[in-house]
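Peer 1: Following this message is one structure expressed as structure tokens.
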Amino acid sequence: MAFVKENTKQLFKRILLKLQPPPDITLSQWADKYRKLSSAASAESGQWKTTEYQREIMDSITNIDVEKVVVMSCSQIGKTDAFLLNTIGYYMHYDPTSIMVLQPTLTMGEEFSKNRLSLMLMDTPVLRNKVVDGKRTGNTILQKLFPGGSVTIIGSNSPQSLASRPVRILLADEIDRYPASAGDEGDPLILAGKRQATFWNRKEICVSTPTIKNISRIATEYEHSTQGVWNVPCPECGKLQPLVWQNVIYKKDDITNIRYVCEHCGVISDEAAWKEKFKYGKYIHKYPNRKTKGFRLNALASTLPGAEWSKVVENYIIAKDEADKGNYELLKSWTNTEMGETWEMEGEALESDKLLERCEDYGCEVPKDVICLTAGVDTQDDRFEVEVVGWGVEKESYGIKYARIYGDMKSPEIWEQLDEFLKQTFIKEDGTKLKVICTCIDSGGHYTNEVYRFTKARMSKRIFAIKGRGGAGVAYISAPSRNNRYKTPLFIIGVDAGKSILYDRLKVSKKGPNYCHFPADPSAGYDERYFKGLTAEKQVMVYKKGNACYSWELKDPSFKRNEPFDIRNYATAALEIANPVLKIQEPEQQIKKNTKRRRINSHGVKI
């Protein structure tokens with residue numbers, strides 16, 4: 001009888017131990033005490049040390065009063081280790097429960113498990129024996145079972161996995177890379193959140209670098225949070241302030257001495273002085289009473305290796321130089337991954353006055369740097385609108401002539417006038433004569449057959465019919481089809497792709513590659529009306545079948561004369577169709593170089 005009582009006593013003791021709340025320890029305290037890092041997992045091996053900008057975020061995750069934590073940041077603050085792996089380790093060790101890790105794809109989930117999670121379980125002694133791999137234990141790459149709980153890793157594009165199991169802790173990583181819908185089931189983040197409905201003590205942690213404004217998931221989540229921003233005190237006046245790119249001071253030709261100006265006292269201090277004050281930094285929340293805790297910081301606040309200010313500045317200089325040439329991808333990436341900000345390009349519109357001011361005196365009909373000419377033609381009910389464009393090295397363009405040819409589109413006379421216009425010779429300053437090497441004529445509208453007939457007779461002159469087709473997935477230039485009554489080549493032009501290319505080139509402000517020149521000579525036709533038409537459209541972000549994509553719309557619906565924008569697009573397509581070799585060097589320089597260089601034939605023999 002005494003034996004039974006003792007067993008019962010021990011049973012209830014074990015039950016009470018299971019029912020008691022977890023120890024009163026925060027996530028940062030747990031990590032600083034138990035988490036270990038190996039050289040294979042981190043640049044700094046040994047005991048984990050929580051940085052000040054990580055501490056409040058981590059402790060909010062284990063705060064019983066906080067249900068959701070959102071982190072919108074740059075890519076160099078240790079997000080994965082601090083907010084995902086530490087959270088998994090804490091709950092495995094101190095508060096066993098069901099955990100789901102939501103990665104953008106299943107492949108990324110497998111990489112996370114093999115390269116990050118497995119290393120933490122191996123390197124951290126208190127976790128080392130929690131998970132035993134093997135078929136008999138039920139543990140796999142994507143599922144780890146441990147006493148009292150589990151870690152399940154899934155891809156956001158897998159609707160079956162999202163709907164299969166209840167979870168208490170949801171760790172959503174890089175949510176801006178999730179698809180708009182998991183199959184036909186809907187938003188993957190919403191689907192995953194529904195798995196937590198039965199838990200009163202649920203936790204959702206969303207972390208990501210942002211992407212494009214108005215479609216960024218993490219930016220939306222942050223907007224509905226407390227909107228905390230990392231602030232640090234000035235080394236001189238001590239006033240707290242966020243670190244912003246506008247206050248960084250550097251010299252482009254010497255980035256070894258990066259400094260920062262205080263927005264309050266105006267004193268300029270070096271990087272070391274500011275980073276010495278990081279230990280006194282704190283988050284200031286715009287809406288502190290909101291339930292969702294939100295945090296935001298950029299690479300200037302990071303103390304991790306590789307996040308020195310000189311590196312941030314160097315990356316910016318490279319990205320800005322590329323943007324000046326019309327390539328905005330690096331600047332977009334820098335904005336997202338270094339500054340932790342959304343890229344604000346959609347809806348941006350060019351101003352006609354700025355381009356009109358760009359007009360310059362060529363001093364001749366065709367500038368000396370022009371290598372070839374192309375033309376674009378738009379067909380209206382009462383006229384043709386046509387532009388001749390000159391092209392230099394690396395797609396530097398020169399407006400040569402813009403004209404409107406009015407008449408009866410059914411009569412042969414107006415087509416003869418167009419033919420004469422396209423046959424004319426244009427003269428460079430040195431007397432060199434150039435003719436249009438390729439022309440694209442829009443076959444849409446009411447005069448399709450007339451366009452086919454006109455181009456059929458002029459195929460040898462590279463005068464081609466085109467048809468525009470919208471859509472983000474449409475190639476800029478498709479192989480021609482002869483599936484028409486005149487059997488003339490018809491090129492399908494991806495107008496959205498072409499407009500994006502032209503739009504980026506028109507924004508290039510530095511003469512050189514991709515820059516667009518315009519003549520000041522009034523007889524060339526580049527007047528105020530032309531530039532208003534050239535800038536009549538803007539690029540906006542829309543949703544089609546649940547996917548975000550760019551589209552084009554009129555800035556002012558009352559002004560629909562956007563022919564110059566379309567025609568420059570056609571002239572650009574004509575260049576791609578003709579595919580001339582626009583060498584990087586000036587023609588005379590290239591000729592001299594070729595006379596000195598030994599050439600190699602297709603068999604690899606020098607000739």
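Identifiers in the structure tokens: chain A, B, ... in order shown; residue index from 1 per chain; ligand index from 1 in order shown.
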Show me, as a PDB file with all heavy atoms, in the first residue's frame, the residues that have an atom within 8 Å of Ser310 in chain A when counting only C-alpha atoms, minus same-chain residues fewer than 5 positions from it.
Peer 2:
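What ended up in selection.pdb:
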ATOM      1  N   ILE A 255      36.732  56.154 -49.457  1.00  0.00           N
ATOM      2  CA  ILE A 255      35.664  55.731 -48.537  1.00  0.00           C
ATOM      3  C   ILE A 255      36.218  55.127 -47.251  1.00  0.00           C
ATOM      4  O   ILE A 255      35.515  54.407 -46.534  1.00  0.00           O
ATOM      5  CB  ILE A 255      34.708  54.731 -49.220  1.00  0.00           C
ATOM      6  CG1 ILE A 255      35.466  53.466 -49.667  1.00  0.00           C
ATOM      7  CG2 ILE A 255      34.017  55.374 -50.406  1.00  0.00           C
ATOM      8  CD1 ILE A 255      34.564  52.370 -50.177  1.00  0.00           C
ATOM      9  N   THR A 256      37.453  55.423 -46.960  1.00  0.00           N
ATOM     10  CA  THR A 256      38.050  54.891 -45.725  1.00  0.00           C
ATOM     11  C   THR A 256      37.627  55.690 -44.500  1.00  0.00           C
ATOM     12  O   THR A 256      37.749  55.205 -43.377  1.00  0.00           O
ATOM     13  CB  THR A 256      39.587  54.894 -45.822  1.00  0.00           C
ATOM     14  OG1 THR A 256      40.037  56.242 -46.063  1.00  0.00           O
ATOM     15  CG2 THR A 256      40.051  53.992 -46.954  1.00  0.00           C
ATOM     16  N   ASN A 257      37.144  56.902 -44.700  1.00  0.00           N
ATOM     17  CA  ASN A 257      36.754  57.747 -43.569  1.00  0.00           C
ATOM     18  C   ASN A 257      35.293  58.160 -43.718  1.00  0.00           C
ATOM     19  O   ASN A 257      34.972  59.230 -44.239  1.00  0.00           O
ATOM     20  CB  ASN A 257      37.650  58.987 -43.492  1.00  0.00           C
ATOM     21  CG  ASN A 257      37.324  59.868 -42.297  1.00  0.00           C
ATOM     22  OD1 ASN A 257      36.811  59.390 -41.284  1.00  0.00           O
ATOM     23  ND2 ASN A 257      37.599  61.150 -42.405  1.00  0.00           N
ATOM     24  N   ILE A 258      34.394  57.275 -43.275  1.00  0.00           N
ATOM     25  CA  ILE A 258      32.962  57.552 -43.352  1.00  0.00           C
ATOM     26  C   ILE A 258      32.526  58.244 -42.067  1.00  0.00           C
ATOM     27  O   ILE A 258      32.871  57.818 -40.966  1.00  0.00           O
ATOM     28  CB  ILE A 258      32.141  56.256 -43.535  1.00  0.00           C
ATOM     29  CG1 ILE A 258      32.737  55.410 -44.661  1.00  0.00           C
ATOM     30  CG2 ILE A 258      30.688  56.589 -43.815  1.00  0.00           C
ATOM     31  CD1 ILE A 258      32.740  56.054 -46.006  1.00  0.00           C
TER      32      ILE A 258
END
Peer 1: Tell me, as a count of residues only, which residues lie within 6 Å of range 511-523 of chain A, counting only C-alpha atoms; anything in the same chain fewer than 5 positions away does not count.
Peer 2: 11
Peer 1: Quick one: residues within 7 Å of range 262-274 of chain A, only C-alpha atoms counted, chain neighbours fewer than 4 positions away excluded, as a short mmCIF file (atom, residue, chain, number, x, y, z; two decimals) with all heavy atoms, in the first residue's frame?
Peer 2:
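To be explicit, this is the file written out as around.cif:
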data_model
loop_
_atom_site.label_atom_id
_atom_site.label_comp_id
_atom_site.auth_asym_id
_atom_site.auth_seq_id
_atom_site.Cartn_x
_atom_site.Cartn_y
_atom_site.Cartn_z
N CYS A 234 23.54 60.55 -30.17
CA CYS A 234 24.65 61.25 -30.80
C CYS A 234 25.86 61.24 -29.85
O CYS A 234 25.71 61.44 -28.65
CB CYS A 234 24.25 62.70 -31.10
SG CYS A 234 25.62 63.78 -31.56
N PRO A 235 27.06 61.02 -30.37
CA PRO A 235 28.26 61.02 -29.51
C PRO A 235 28.50 62.36 -28.83
O PRO A 235 29.19 62.42 -27.80
CB PRO A 235 29.39 60.69 -30.49
CG PRO A 235 28.74 60.02 -31.64
CD PRO A 235 27.38 60.63 -31.74
N CYS A 237 25.81 65.36 -28.52
CA CYS A 237 24.69 65.92 -27.74
C CYS A 237 23.90 64.85 -27.01
O CYS A 237 23.11 65.16 -26.11
CB CYS A 237 23.78 66.74 -28.63
SG CYS A 237 22.84 65.77 -29.84
N ILE A 258 34.39 57.28 -43.28
CA ILE A 258 32.96 57.55 -43.35
C ILE A 258 32.53 58.24 -42.07
O ILE A 258 32.87 57.82 -40.97
CB ILE A 258 32.14 56.26 -43.53
CG1 ILE A 258 32.74 55.41 -44.66
CG2 ILE A 258 30.69 56.59 -43.81
CD1 ILE A 258 32.74 56.05 -46.01
N PHE A 278 26.23 52.63 -29.59
CA PHE A 278 25.19 51.67 -29.93
C PHE A 278 24.66 50.92 -28.70
O PHE A 278 23.51 50.51 -28.66
CB PHE A 278 25.71 50.66 -30.96
CG PHE A 278 25.68 51.15 -32.38
CD1 PHE A 278 25.51 52.50 -32.66
CD2 PHE A 278 25.83 50.27 -33.44
CE1 PHE A 278 25.49 52.96 -33.96
CE2 PHE A 278 25.81 50.73 -34.75
CZ PHE A 278 25.65 52.07 -35.01
#
Peer 1: Do you have the CA of Thr535 in chain A-CA of Gly376 in chain A distance handy?
Peer 2: 16.9 Å
Peer 1: Pick the closest to Glu553 in chain A from A:Arg453, A:Lys144, A:Arg485, A:Lys538: which is it, counting only C-alpha atoms?
Peer 2: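 Under the stated criterion, the closest residue is A:Lys538.
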Peer 1: Name the residues in contact with Cys206 in chain A at a cut-off of 8 Å, using only C-alpha atoms, excluding same-chain residues fewer than 2 positions from it; report them as JSON, numbers by chain.
Peer 2: {"A": [68, 69, 70, 71, 171, 172, 173, 174, 175, 204, 208, 218]}
Peer 1: Could you give me, as a PyMOL selection string, the residues within 8 Å of range 426-442 of chain A, counting only C-alpha atoms and dropping anything in the same chain fewer than 2 positions from it?
Peer 2: chain A and resi 363-368+372-379+388+422-424+444+451+461-468+570-571+573-575+577-578
Peer 1: Report the residues of range 464-586 of chain A whose backbone DSSP state falls under strand (DSSP E), written as an NGL selection string.
Peer 2: :A and (464-469 or 490-494 or 516-517 or 537-544 or 547-554)
Peer 1: Since we have the selection now, will you write its residues out, keeping N, CA, C and O atoms, as a CSV table (one decimal), in the first residue's frame?
Peer 2:
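To be explicit, this is the file written out as out37.csv:
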chain,number,residue,atom,x,y,z
A,464,PHE,N,9.2,46.6,-91.6
A,464,PHE,CA,8.4,45.5,-91.2
A,464,PHE,C,7.1,45.9,-90.4
A,464,PHE,O,7.1,47.0,-89.8
A,465,ALA,N,6.1,45.1,-90.5
A,465,ALA,CA,4.9,45.3,-89.8
A,465,ALA,C,5.1,44.7,-88.4
A,465,ALA,O,5.7,43.7,-88.2
A,466,ILE,N,4.5,45.4,-87.4
A,466,ILE,CA,4.6,44.9,-86.0
A,466,ILE,C,3.2,45.0,-85.4
A,466,ILE,O,2.3,45.7,-85.9
A,467,LYS,N,3.0,44.2,-84.3
A,467,LYS,CA,1.8,44.3,-83.6
A,467,LYS,C,2.1,44.2,-82.1
A,467,LYS,O,2.9,43.3,-81.7
A,468,GLY,N,1.7,45.2,-81.3
A,468,GLY,CA,2.0,45.2,-79.9
A,468,GLY,C,1.1,44.3,-79.1
A,468,GLY,O,0.0,44.0,-79.4
A,469,ARG,N,1.8,43.7,-78.1
A,469,ARG,CA,1.0,42.8,-77.2
A,469,ARG,C,1.5,43.1,-75.8
A,469,ARG,O,2.7,43.1,-75.5
A,490,LEU,N,5.5,39.5,-89.8
A,490,LEU,CA,4.8,40.3,-88.7
A,490,LEU,C,5.5,40.0,-87.4
A,490,LEU,O,5.5,38.9,-86.9
A,491,PHE,N,6.1,41.0,-86.8
A,491,PHE,CA,6.8,40.9,-85.5
A,491,PHE,C,5.8,41.3,-84.3
A,491,PHE,O,5.2,42.3,-84.4
A,492,ILE,N,5.7,40.4,-83.4
A,492,ILE,CA,5.0,40.7,-82.1
A,492,ILE,C,5.9,41.4,-81.2
A,492,ILE,O,7.0,40.9,-80.8
A,493,ILE,N,5.5,42.6,-80.7
A,493,ILE,CA,6.4,43.4,-79.8
A,493,ILE,C,5.8,43.4,-78.4
A,493,ILE,O,4.6,43.7,-78.3
A,494,GLY,N,6.5,43.0,-77.5
A,494,GLY,CA,6.1,43.1,-76.1
A,494,GLY,C,6.2,44.5,-75.6
A,494,GLY,O,7.2,45.0,-75.2
A,516,CYS,N,19.4,59.5,-73.6
A,516,CYS,CA,18.6,60.0,-74.8
A,516,CYS,C,18.8,61.4,-75.0
A,516,CYS,O,18.5,62.3,-74.2
A,517,HIS,N,19.3,61.8,-76.2
A,517,HIS,CA,19.5,63.1,-76.7
A,517,HIS,C,18.3,63.6,-77.5
A,517,HIS,O,17.7,62.8,-78.2
A,537,GLU,N,2.5,58.4,-70.2
A,537,GLU,CA,2.2,57.2,-69.4
A,537,GLU,C,3.0,57.1,-68.2
A,537,GLU,O,4.1,57.7,-68.1
A,538,LYS,N,2.5,56.4,-67.2
A,538,LYS,CA,3.3,56.1,-66.0
A,538,LYS,C,3.2,54.6,-65.7
A,538,LYS,O,2.3,53.9,-66.1
A,539,GLN,N,4.2,54.1,-65.0
A,539,GLN,CA,4.2,52.7,-64.6
A,539,GLN,C,3.6,52.5,-63.3
A,539,GLN,O,4.0,53.2,-62.3
A,540,VAL,N,2.7,51.5,-63.2
A,540,VAL,CA,2.0,51.3,-61.9
A,540,VAL,C,2.0,49.8,-61.6
A,540,VAL,O,2.2,49.0,-62.5
A,541,MET,N,1.7,49.5,-60.4
A,541,MET,CA,1.7,48.1,-59.9
A,541,MET,C,0.2,47.6,-59.8
A,541,MET,O,-0.6,48.3,-59.2
A,542,VAL,N,-0.1,46.5,-60.5
A,542,VAL,CA,-1.4,46.0,-60.4
A,542,VAL,C,-1.4,44.5,-60.1
A,542,VAL,O,-0.3,43.9,-60.2
A,543,TYR,N,-2.5,43.9,-59.8
A,543,TYR,CA,-2.6,42.5,-59.5
A,543,TYR,C,-3.4,41.8,-60.7
A,543,TYR,O,-4.5,42.2,-61.0
A,544,LYS,N,-2.8,40.8,-61.3
A,544,LYS,CA,-3.4,40.0,-62.3
A,544,LYS,C,-3.4,38.5,-61.9
A,544,LYS,O,-2.3,38.0,-61.8
A,547,ASN,N,-1.2,37.8,-59.0
A,547,ASN,CA,0.2,38.1,-59.0
A,547,ASN,C,0.4,39.6,-59.3
A,547,ASN,O,-0.3,40.2,-60.1
A,548,ALA,N,1.4,40.1,-58.6
A,548,ALA,CA,1.7,41.6,-58.7
A,548,ALA,C,2.6,41.7,-60.0
A,548,ALA,O,3.5,41.0,-60.2
A,549,CYS,N,2.3,42.7,-60.8
A,549,CYS,CA,3.1,43.0,-62.0
A,549,CYS,C,2.9,44.5,-62.4
A,549,CYS,O,2.0,45.2,-61.9
A,550,TYR,N,3.8,44.9,-63.2
A,550,TYR,CA,3.8,46.3,-63.7
A,550,TYR,C,2.8,46.4,-64.8
A,550,TYR,O,2.7,45.5,-65.6
A,551,SER,N,2.2,47.6,-64.9
A,551,SER,CA,1.4,47.9,-66.1
A,551,SER,C,1.5,49.4,-66.4
A,551,SER,O,2.2,50.1,-65.6
A,552,TRP,N,1.0,49.8,-67.5
A,552,TRP,CA,1.1,51.2,-68.0
A,552,TRP,C,-0.2,51.8,-68.1
A,552,TRP,O,-1.2,51.2,-68.6
A,553,GLU,N,-0.3,53.1,-67.7
A,553,GLU,CA,-1.6,53.8,-67.8
A,553,GLU,C,-1.3,55.3,-68.0
A,553,GLU,O,-0.2,55.8,-67.7
A,554,LEU,N,-2.3,56.0,-68.6
A,554,LEU,CA,-2.1,57.4,-68.8
A,554,LEU,C,-2.0,58.2,-67.5
A,554,LEU,O,-2.8,57.9,-66.6
Peer 1: For CA of Asp95 in chain A and CA of Gly109 in chain A, determine how far apart the two atoms are, in Å to one decimal place.
Peer 2: 23.3 Å
Peer 1: Any idea what the distance is between CA of Glu387 in chain A and CA of Glu357 in chain A?
Peer 2: 19.5 Å
Peer 1: Pick out the closest residue to Asp59 in chain A from this set: A:His285, A:Arg383, A:Lys293, A:Lys130. Count only C-alpha atoms.
Peer 2: A:Lys293
